[in-house]
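Shown here: model35.tsv, TSV, C-alpha atoms.
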chain	number	residue	atom	x	y	z
E	1	MET	CA	-131.85	-169.81	-141.35
E	2	LYS	CA	-134.23	-168.95	-138.57
E	3	VAL	CA	-132.91	-170.64	-135.41
E	4	LEU	CA	-134.34	-170.98	-131.91
E	5	TYR	CA	-131.48	-171.26	-129.40
E	6	ALA	CA	-132.79	-172.71	-126.14
E	7	ILE	CA	-130.84	-172.38	-122.88
E	8	GLN	CA	-131.16	-174.21	-119.55
E	9	GLY	CA	-131.24	-171.71	-116.67
E	10	THR	CA	-130.33	-174.02	-113.77
E	11	GLY	CA	-126.96	-172.79	-112.54
E	12	ASN	CA	-124.78	-170.31	-114.40
E	13	GLY	CA	-122.77	-172.52	-116.76
E	14	HIS	CA	-125.23	-172.63	-119.66
E	15	LEU	CA	-125.63	-168.85	-119.55
E	16	CYS	CA	-121.87	-168.29	-119.49
E	17	ARG	CA	-121.54	-170.44	-122.62
E	18	ALA	CA	-124.44	-168.59	-124.28
E	19	MET	CA	-122.54	-165.29	-123.93
E	20	ASP	CA	-120.15	-166.52	-126.63
E	21	VAL	CA	-122.43	-168.85	-128.58
E	22	VAL	CA	-125.26	-166.38	-129.25
E	23	PRO	CA	-123.19	-163.52	-130.77
E	24	SER	CA	-121.37	-166.02	-133.01
E	25	LEU	CA	-124.62	-167.73	-134.01
E	26	LYS	CA	-126.21	-164.39	-134.88
E	27	LYS	CA	-123.48	-163.83	-137.48
E	28	ILE	CA	-124.71	-166.80	-139.53
E	29	ALA	CA	-128.42	-167.12	-138.68
E	30	ASP	CA	-131.54	-165.24	-137.59
E	31	VAL	CA	-131.70	-166.18	-133.90
E	32	ASP	CA	-134.32	-166.00	-131.14
E	33	ILE	CA	-133.47	-166.98	-127.56
E	34	LEU	CA	-135.51	-169.17	-125.20
E	35	LEU	CA	-134.52	-169.47	-121.54
E	36	SER	CA	-136.11	-171.74	-118.95
E	37	GLY	CA	-135.22	-172.37	-115.32
E	38	THR	CA	-135.00	-170.35	-112.12
E	39	GLN	CA	-131.59	-170.96	-110.53
E	40	ALA	CA	-129.25	-168.70	-112.55
E	41	ASP	CA	-127.52	-165.58	-111.22
E	42	ILE	CA	-126.12	-164.11	-114.46
E	43	GLN	CA	-127.84	-161.54	-116.65
E	44	LEU	CA	-127.57	-162.19	-120.39
E	45	PRO	CA	-126.39	-159.22	-122.50
E	46	PHE	CA	-128.92	-159.83	-125.27
E	47	GLU	CA	-132.70	-160.05	-125.68
E	48	VAL	CA	-134.43	-163.22	-124.49
E	49	LYS	CA	-137.67	-163.66	-126.47
E	50	PHE	CA	-139.13	-166.51	-124.40
E	51	ARG	CA	-138.70	-166.82	-120.61
E	52	LEU	CA	-140.24	-170.00	-119.24
E	53	LYS	CA	-140.35	-171.79	-115.91
E	54	GLY	CA	-139.34	-175.16	-117.34
E	55	LEU	CA	-137.95	-177.76	-114.93
E	56	SER	CA	-135.22	-176.67	-112.50
E	57	PHE	CA	-133.07	-178.51	-110.00
E	58	ILE	CA	-133.04	-176.72	-106.63
E	59	PHE	CA	-129.70	-176.49	-104.81
E	60	GLY	CA	-129.70	-177.51	-101.15
E	61	LYS	CA	-127.43	-176.27	-98.37
E	62	SER	CA	-125.65	-179.45	-97.33
E	63	GLY	CA	-123.72	-180.33	-100.44
E	64	GLY	CA	-126.26	-181.47	-103.01
E	65	VAL	CA	-129.46	-181.00	-104.97
E	66	ASP	CA	-132.53	-180.76	-102.73
E	67	LEU	CA	-134.65	-183.49	-104.35
E	68	TRP	CA	-137.75	-182.72	-102.26
E	69	LYS	CA	-137.73	-178.99	-103.08
E	70	THR	CA	-137.00	-179.83	-106.70
E	71	PHE	CA	-140.08	-182.09	-106.77
E	72	ILE	CA	-142.50	-179.73	-105.01
E	73	HIS	CA	-141.39	-176.74	-107.11
E	74	SER	CA	-141.81	-178.68	-110.36
E	75	GLN	CA	-145.16	-177.59	-111.77
E	76	PHE	CA	-145.73	-180.40	-114.26
E	77	ARG	CA	-149.04	-179.05	-115.56
E	78	LEU	CA	-147.36	-175.73	-116.34
E	79	PHE	CA	-144.47	-177.60	-117.96
E	80	ILE	CA	-146.85	-179.50	-120.26
E	81	LYS	CA	-148.61	-176.25	-121.09
E	82	GLU	CA	-145.28	-174.60	-121.95
E	83	VAL	CA	-144.29	-177.56	-124.13
E	84	ASN	CA	-147.57	-177.43	-126.06
E	85	ALA	CA	-147.31	-173.65	-126.54
E	86	CYS	CA	-143.64	-173.59	-127.53
E	87	PRO	CA	-143.54	-172.34	-131.16
E	88	VAL	CA	-140.77	-174.61	-132.46
E	89	ASN	CA	-142.48	-174.95	-135.85
E	90	ASP	CA	-141.87	-171.24	-136.48
E	91	TYR	CA	-138.14	-172.03	-136.88
E	92	ASP	CA	-136.01	-173.88	-139.41
E	93	LEU	CA	-133.98	-175.44	-136.61
E	94	VAL	CA	-133.84	-175.66	-132.81
E	95	ILE	CA	-130.42	-175.76	-131.13
E	96	ASN	CA	-130.76	-176.82	-127.54
E	97	ASP	CA	-128.42	-176.48	-124.55
E	98	PHE	CA	-130.07	-179.07	-122.24
E	99	GLU	CA	-133.34	-177.09	-122.19
E	100	PRO	CA	-136.38	-179.37	-121.66
E	101	VAL	CA	-139.36	-177.32	-122.89
E	102	SER	CA	-138.20	-176.80	-126.49
E	103	ALA	CA	-136.64	-180.28	-126.59
E	104	TRP	CA	-139.91	-182.00	-125.69
E	105	ALA	CA	-141.87	-179.65	-127.95
E	106	CYS	CA	-139.64	-180.74	-130.85
E	107	SER	CA	-140.07	-184.40	-129.92
E	108	LEU	CA	-143.88	-184.13	-129.81
E	109	LYS	CA	-144.15	-181.96	-132.93
E	110	ASP	CA	-141.64	-183.93	-135.02
E	111	LYS	CA	-139.24	-180.98	-135.30
E	112	HIS	CA	-135.52	-181.50	-135.76
E	113	CYS	CA	-133.61	-180.61	-132.59
E	114	ILE	CA	-129.84	-180.45	-132.23
E	115	SER	CA	-128.34	-180.80	-128.78
E	116	LEU	CA	-125.30	-178.57	-128.24
E	117	SER	CA	-124.47	-179.10	-124.58
E	118	HIS	CA	-121.98	-180.41	-122.08
E	119	GLN	CA	-124.46	-183.07	-120.93
E	120	ALA	CA	-124.46	-184.68	-124.38
E	121	ALA	CA	-120.73	-185.34	-124.09
E	122	ALA	CA	-120.71	-186.25	-120.38
E	123	ILE	CA	-123.27	-189.04	-120.78
E	124	HIS	CA	-121.67	-190.45	-123.96
E	125	ASP	CA	-120.25	-193.97	-123.74
E	126	MET	CA	-116.74	-192.77	-124.62
E	127	ALA	CA	-116.55	-190.28	-121.72
E	128	PRO	CA	-115.19	-191.27	-118.26
E	129	LYS	CA	-117.69	-192.66	-115.77
E	130	PRO	CA	-117.67	-192.91	-111.94
E	131	GLU	CA	-117.37	-196.32	-110.31
E	132	GLU	CA	-120.93	-196.13	-108.99
E	133	ILE	CA	-123.62	-195.71	-111.65
E	134	ASP	CA	-126.63	-193.65	-110.61
E	135	ARG	CA	-129.33	-195.30	-112.71
E	136	LEU	CA	-131.95	-192.64	-111.96
E	137	GLY	CA	-129.46	-189.85	-112.68
E	138	LYS	CA	-128.44	-191.51	-115.92
E	139	PHE	CA	-132.08	-191.91	-116.97
E	140	ILE	CA	-132.81	-188.23	-116.23
E	141	MET	CA	-129.79	-187.03	-118.22
E	142	LYS	CA	-130.73	-189.16	-121.22
E	143	HIS	CA	-134.39	-188.11	-121.30
E	144	TYR	CA	-134.47	-184.62	-119.75
E	145	ALA	CA	-133.97	-182.85	-123.11
E	146	PRO	CA	-134.30	-185.30	-126.04
E	147	SER	CA	-132.79	-184.46	-129.42
E	148	ASN	CA	-132.26	-185.86	-132.92
E	149	GLU	CA	-128.49	-185.39	-132.96
E	150	THR	CA	-125.85	-184.32	-130.47
E	151	TYR	CA	-122.76	-182.16	-130.32
E	152	GLY	CA	-121.09	-181.72	-126.97
E	153	PHE	CA	-118.38	-180.12	-124.86
E	154	HIS	CA	-116.12	-181.84	-122.33
E	155	PHE	CA	-112.78	-181.32	-120.60
E	156	LYS	CA	-111.27	-183.39	-123.44
E	157	SER	CA	-112.60	-184.28	-126.88
E	158	TYR	CA	-113.75	-187.87	-126.43
E	159	GLY	CA	-115.34	-188.26	-129.87
E	160	PRO	CA	-115.63	-186.67	-133.34
E	161	THR	CA	-118.67	-184.51	-132.47
E	162	PHE	CA	-117.38	-183.45	-129.05
E	163	TYR	CA	-115.27	-180.37	-128.42
E	164	THR	CA	-113.19	-178.85	-125.65
E	165	PRO	CA	-114.94	-176.18	-123.53
E	166	ILE	CA	-116.07	-172.81	-124.84
E	167	ILE	CA	-114.15	-170.30	-122.73
E	168	ARG	CA	-116.05	-167.02	-122.76
E	169	LYS	CA	-114.29	-163.87	-123.95
E	170	GLN	CA	-114.49	-162.34	-120.48
E	171	ILE	CA	-112.24	-165.13	-119.16
E	172	ARG	CA	-109.90	-165.09	-122.16
E	173	ASP	CA	-109.36	-161.35	-121.71
E	174	GLN	CA	-108.44	-161.57	-118.01
E	175	LYS	CA	-104.96	-160.69	-116.80
E	176	ILE	CA	-103.75	-163.71	-114.84
E	177	THR	CA	-102.04	-162.91	-111.52
E	178	ASN	CA	-101.59	-164.58	-108.13
E	179	LYS	CA	-102.60	-162.59	-105.04
E	180	GLY	CA	-102.50	-165.71	-102.86
E	181	HIS	CA	-106.20	-166.19	-102.05
E	182	TYR	CA	-108.41	-169.15	-102.96
E	183	THR	CA	-111.69	-168.56	-104.80
E	184	VAL	CA	-114.62	-170.72	-103.65
E	185	TYR	CA	-117.95	-171.46	-105.34
E	186	LEU	CA	-119.96	-174.22	-103.65
E	187	PRO	CA	-123.62	-173.16	-104.09
E	188	SER	CA	-125.05	-176.33	-102.55
E	189	TYR	CA	-123.49	-175.57	-99.14
E	190	ASP	CA	-124.82	-173.24	-96.43
E	191	ASP	CA	-122.72	-170.11	-95.81
E	192	HIS	CA	-122.23	-170.76	-92.09
E	193	LEU	CA	-121.24	-174.37	-92.75
E	194	LEU	CA	-118.66	-173.18	-95.28
E	195	MET	CA	-117.33	-170.49	-92.95
E	196	SER	CA	-117.00	-172.95	-90.08
E	197	TYR	CA	-115.18	-175.49	-92.22
E	198	LEU	CA	-112.85	-173.18	-94.15
E	199	SER	CA	-111.74	-171.46	-90.94
E	200	ARG	CA	-110.02	-174.78	-90.13
E	201	PHE	CA	-107.34	-173.72	-92.63
E	202	PRO	CA	-106.16	-170.37	-91.15
E	203	GLU	CA	-103.09	-170.19	-93.37
E	204	VAL	CA	-105.35	-169.52	-96.38
E	205	LYS	CA	-107.50	-166.54	-97.34
E	206	TRP	CA	-110.80	-167.86	-98.73
E	207	ASP	CA	-112.84	-165.68	-101.12
E	208	VAL	CA	-116.29	-167.33	-101.14
E	209	TYR	CA	-119.15	-166.51	-103.55
E	210	SER	CA	-122.61	-167.52	-102.34
E	211	LYS	CA	-126.13	-167.99	-103.71
E	212	HIS	CA	-127.61	-167.77	-100.21
E	213	ASN	CA	-126.93	-164.23	-98.96
E	214	LYS	CA	-127.31	-160.64	-100.13
E	215	GLY	CA	-124.51	-159.06	-98.08
E	216	VAL	CA	-120.85	-159.58	-97.19
E	217	ILE	CA	-119.81	-161.71	-94.20
E	218	VAL	CA	-116.19	-161.63	-93.00
E	219	SER	CA	-114.73	-163.79	-90.26
E	220	GLU	CA	-110.96	-163.96	-89.85
E	221	ASN	CA	-109.64	-165.60	-93.04
E	222	VAL	CA	-113.03	-166.24	-94.74
E	223	ARG	CA	-114.95	-163.66	-96.77
E	224	ILE	CA	-118.42	-164.61	-98.07
E	225	GLN	CA	-120.16	-162.37	-100.60
E	226	PRO	CA	-123.09	-162.56	-103.02
E	227	ILE	CA	-122.44	-163.78	-106.53
E	228	ASP	CA	-121.23	-160.98	-108.78
E	229	ASN	CA	-120.00	-162.14	-112.18
E	230	GLU	CA	-117.35	-159.42	-112.62
E	231	LYS	CA	-115.91	-159.85	-109.13
E	232	PHE	CA	-115.99	-163.63	-109.33
E	233	VAL	CA	-114.08	-163.68	-112.61
E	234	GLU	CA	-111.49	-161.21	-111.27
E	235	SER	CA	-111.15	-163.28	-108.08
E	236	MET	CA	-110.50	-166.48	-110.06
E	237	ALA	CA	-107.99	-164.81	-112.36
E	238	SER	CA	-106.00	-163.42	-109.42
E	239	SER	CA	-106.22	-166.49	-107.15
E	240	GLU	CA	-103.79	-169.18	-106.09
E	241	GLY	CA	-106.45	-171.83	-106.68
E	242	VAL	CA	-110.16	-172.55	-107.10
E	243	LEU	CA	-112.34	-174.76	-104.88
E	244	CYS	CA	-115.72	-175.47	-106.49
E	245	GLY	CA	-118.36	-178.03	-107.34
E	246	ALA	CA	-117.79	-180.47	-110.17
E	247	GLY	CA	-119.82	-178.48	-112.65
E	248	PHE	CA	-118.41	-177.82	-116.10
E	249	GLU	CA	-117.83	-174.15	-116.85
E	250	THR	CA	-116.17	-173.06	-113.59
E	251	PRO	CA	-113.66	-175.96	-113.50
E	252	ALA	CA	-112.95	-175.48	-117.22
E	253	GLU	CA	-112.34	-171.76	-116.70
E	254	ALA	CA	-110.09	-172.43	-113.70
E	255	LEU	CA	-108.03	-174.88	-115.79
E	256	PHE	CA	-107.81	-172.35	-118.63
E	257	LEU	CA	-106.59	-169.70	-116.17
E	258	LYS	CA	-103.88	-172.17	-115.01
E	259	LYS	CA	-105.13	-172.32	-111.44
E	260	LYS	CA	-104.88	-175.18	-108.99
E	261	LEU	CA	-108.28	-176.86	-108.87
E	262	LEU	CA	-110.08	-178.97	-106.27
E	263	VAL	CA	-113.68	-180.10	-106.87
E	264	ILE	CA	-116.49	-181.48	-104.69
E	265	PRO	CA	-119.31	-183.06	-106.74
E	266	MET	CA	-122.85	-182.35	-105.54
E	267	LYS	CA	-124.85	-185.16	-104.00
E	268	ASN	CA	-127.83	-186.30	-106.09
E	269	GLN	CA	-126.33	-184.71	-109.21
E	270	TYR	CA	-125.11	-187.46	-111.55
E	271	GLU	CA	-123.67	-185.01	-114.08
E	272	GLN	CA	-121.26	-183.68	-111.46
E	273	HIS	CA	-120.07	-187.20	-110.68
E	274	LEU	CA	-119.46	-187.77	-114.40
E	275	ASN	CA	-117.47	-184.52	-114.47
E	276	ALA	CA	-115.53	-185.53	-111.36
E	277	ALA	CA	-114.50	-188.79	-113.07
E	278	ALA	CA	-113.26	-186.86	-116.12
E	279	LEU	CA	-111.40	-184.29	-113.99
E	280	GLN	CA	-109.82	-187.02	-111.88
E	281	GLU	CA	-108.58	-188.65	-115.10
E	282	LEU	CA	-106.89	-185.33	-115.94
E	283	GLY	CA	-105.20	-185.25	-112.53
E	284	VAL	CA	-107.55	-182.88	-110.68
E	285	PRO	CA	-108.11	-183.87	-107.01
E	286	VAL	CA	-111.69	-184.73	-106.03
E	287	ILE	CA	-113.18	-185.03	-102.52
E	288	LYS	CA	-116.68	-186.15	-101.53
E	289	ASN	CA	-117.61	-183.44	-99.03
E	290	ILE	CA	-116.36	-180.87	-96.51
E	291	LYS	CA	-116.03	-183.19	-93.53
E	292	PRO	CA	-113.02	-183.38	-91.17
E	293	GLU	CA	-111.85	-186.68	-92.66
E	294	ASN	CA	-111.05	-184.79	-95.86
E	295	ASP	CA	-108.86	-182.15	-94.16
E	296	ILE	CA	-105.73	-184.03	-95.14
E	297	TYR	CA	-106.59	-183.83	-98.83
E	298	ILE	CA	-107.29	-180.09	-98.66
E	299	HIS	CA	-104.01	-179.50	-96.80
E	300	HIS	CA	-102.19	-181.49	-99.46
E	301	TRP	CA	-103.87	-179.49	-102.24
E	302	ILE	CA	-103.04	-176.16	-100.59
E	303	ASN	CA	-99.38	-177.17	-100.29
E	304	SER	CA	-99.13	-178.59	-103.81
E	305	GLU	CA	-98.28	-176.82	-107.07
E	306	ASN	CA	-100.39	-179.14	-109.19
E	307	VAL	CA	-101.58	-177.12	-112.20
E	308	ILE	CA	-103.11	-179.13	-115.06
E	309	GLU	CA	-102.07	-178.01	-118.54
E	310	VAL	CA	-104.95	-177.70	-121.04
E	311	ASN	CA	-105.33	-176.26	-124.53
E	312	TYR	CA	-108.80	-174.76	-124.96
E	313	GLU	CA	-108.75	-172.96	-128.30
E	314	ASN	CA	-111.41	-170.47	-129.34
E	315	GLN	CA	-113.43	-172.47	-131.88
E	316	VAL	CA	-117.01	-171.25	-131.35
E	317	GLU	CA	-117.63	-169.92	-134.86
E	318	ASP	CA	-116.12	-172.99	-136.52
E	319	ILE	CA	-118.32	-175.30	-134.41
E	320	LEU	CA	-121.52	-173.41	-135.21
E	321	THR	CA	-120.69	-173.10	-138.92
E	322	ASN	CA	-120.01	-176.84	-139.05
E	323	ILE	CA	-123.29	-177.69	-137.29
E	324	LEU	CA	-125.42	-175.52	-139.59
E	325	SER	CA	-123.53	-176.67	-142.69
E	326	ASN	CA	-124.07	-180.35	-141.81
E	327	TYR	CA	-127.75	-179.71	-141.21
E	328	LYS	CA	-128.22	-177.81	-144.51
E	329	ASN	CA	-126.38	-180.47	-146.51
E	330	ARG	CA	-128.52	-183.22	-145.01
E	331	GLU	CA	-131.73	-181.26	-145.70
E	332	ASN	CA	-130.67	-180.57	-149.29
E	333	LYS	CA	-129.96	-184.25	-149.92
E	334	GLN	CA	-133.44	-185.15	-148.65
E	335	LEU	CA	-134.97	-182.65	-151.08
E	336	LEU	CA	-133.17	-184.06	-154.15
E	337	PRO	CA	-135.56	-185.79	-156.60
E	338	ILE	CA	-135.33	-189.56	-156.94
E	339	ILE	CA	-134.21	-190.47	-160.49
Translate this file's structure into structure tokens.
Amino acid sequence: MKVLYAIQGTGNGHLCRAMDVVPSLKKIADVDILLSGTQADIQLPFEVKFRLKGLSFIFGKSGGVDLWKTFIHSQFRLFIKEVNACPVNDYDLVINDFEPVSAWACSLKDKHCISLSHQAAAIHDMAPKPEEIDRLGKFIMKHYAPSNETYGFHFKSYGPTFYTPIIRKQIRDQKITNKGHYTVYLPSYDDHLLMSYLSRFPEVKWDVYSKHNKGVIVSENVRIQPIDNEKFVESMASSEGVLCGAGFETPAEALFLKKKLLVIPMKNQYEQHLNAAALQELGVPVIKNIKPENDIYIHHWINSENVIEVNYENQVEDILTNILSNYKNRENKQLLPII
């Protein structure tokens, strides 16, 4: 089969998953890669045939998505042009990881599109939900990248077509140690705000990775450095715990590495609040922001030994084989003559 695998480039999670999905998919299909979005920091180790602007969410510096910057940077005429030009009809099948250009191209050109994403599982009725429903956020998640059928990943398998997280080989191969520091990844917060807040906990060494600076900043017990995939992974694997946003891949990797985890969901990012609800159900502590009223919860987390046990097996090839097999069987049945 000739398959177009389309990846969302907002944040690093989709790209981390692609590092394992693409090599496995190439074993069973002829694959081209499409990438859209402008907020990722990770370089993919394989050829990307189509690089598009798409629609990206812009991270702010005070704990959430910057809705205004997201709006003014969204070039809707260019997006429509990219959708119309996207060559989805050149492929037998499009597999989509929450990527809007190819998804809408399939919808408009009546091409079968399979969603293979975390978002598909997070928004599903069987997955945990926060107490407050963000109606706009829910609408965006449902319509951002439409598809004909869905397979998804979540912290637990909440349904028959939903799987536990894909943990990339780089994480699985890490030697797990404990050097006592805490690894931090909160890309929606300003560096100086983080440094000021984390210095309130002088008993802890904080190893912070930032989207906002190009150099290293050190002040007493806080070290802030640019995102470097190798260093970040090594820092997590050798940490006492991980403080991060309520994304999907980083919390899942921290759980796999058996690290204490504390998450802060981004404001204006409904997916992260869905994730926070699921993590809280597992026993992971969640706080709203880095304000003084939450100091007590961070102190409690630092002093706790609360490690959540998970079992995230390596099932990438089985998942992909199952998806393609189901699709082929359905296509073959449709081609059978009526007797």
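Nearest-residue note for Gln119 (chain E): choosing from E:Leu186, E:Met236, E:Leu274, E:Ala85, the minimum distance belongs to E:Leu274, counting all atoms listed in the file.
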Contacts of region 142-190 of chain E with region 288-293 of chain E up to 12 Å, shortest pair per row, only C-alpha atoms, as JSON lines:
{"residue": "E:Leu186", "atom": "CA", "partner": "E:Ile290", "partner_atom": "CA", "distance": 10.4}
{"residue": "E:Ser188", "atom": "CA", "partner": "E:Asn289", "partner_atom": "CA", "distance": 10.9}
{"residue": "E:Tyr189", "atom": "CA", "partner": "E:Ile290", "partner_atom": "CA", "distance": 9.3}
{"residue": "E:Asp190", "atom": "CA", "partner": "E:Ile290", "partner_atom": "CA", "distance": 11.4}
Could you work out how far CA of Ile7 (chain E) lies from CA of Val88 (chain E), giving the answer in Å with one decimal? 14.0 Å
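Compared by their closest atoms to Asn96 (chain E), and using only C-alpha atoms, the residues E:Lys260, E:Lys49, E:Lys169, E:His14 rank with E:His14 nearest.
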Just how far from CA of His212 (chain E) is CA of Ile264 (chain E), in Å to one decimal? 18.2 Å
CA of Thr177 (chain E) and CA of Phe232 (chain E) are how many Å apart? 14.1 Å
Close residues, Glu234 (chain E) itself excluded, 8 Å, all atoms listed in the file, min 4 positions apart in chain, as a ChimeraX atom specification: /E:174,230,238
Long-range neighbours of Gln280 (chain E) as number ranges by chain, 12 Å cut-off, only C-alpha atoms, 5 positions minimum in chain: E: 128-130, 155, 246, 251, 261-265, 272-275, 285-287, 308
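Using all atoms listed in the file for every distance, the candidate list E:Ala121, E:Ile95, E:Val21, E:Val184 yields E:Val184 as the residue closest to Pro226 (chain E).
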Can you tell me, as JSON, the centre and edge lengths (Å, one decimal) of the axis-aligned box enclosing all of region 278-289 of chain E's listed atoms after padding each side by 5 Å?
{"center_x": -111.4, "center_y": -185.8, "center_z": -107.6, "size_x": 22.4, "size_y": 15.8, "size_z": 27.1}
Would you please work out which residue, of E:Phe153, E:Phe46, E:Tyr270, E:Tyr182, is nearest to Tyr209 (chain E) when using only C-alpha atoms? E:Tyr182
Please provide as a VMD selection string all residues within 12 Å of Met19 (chain E), with the sequence filter that same-chain residues fewer than 3 positions apart are discarded (counting all atoms listed in the file). chain E and resid 7 12 to 16 22 to 26 33 42 to 47 166 to 171 316
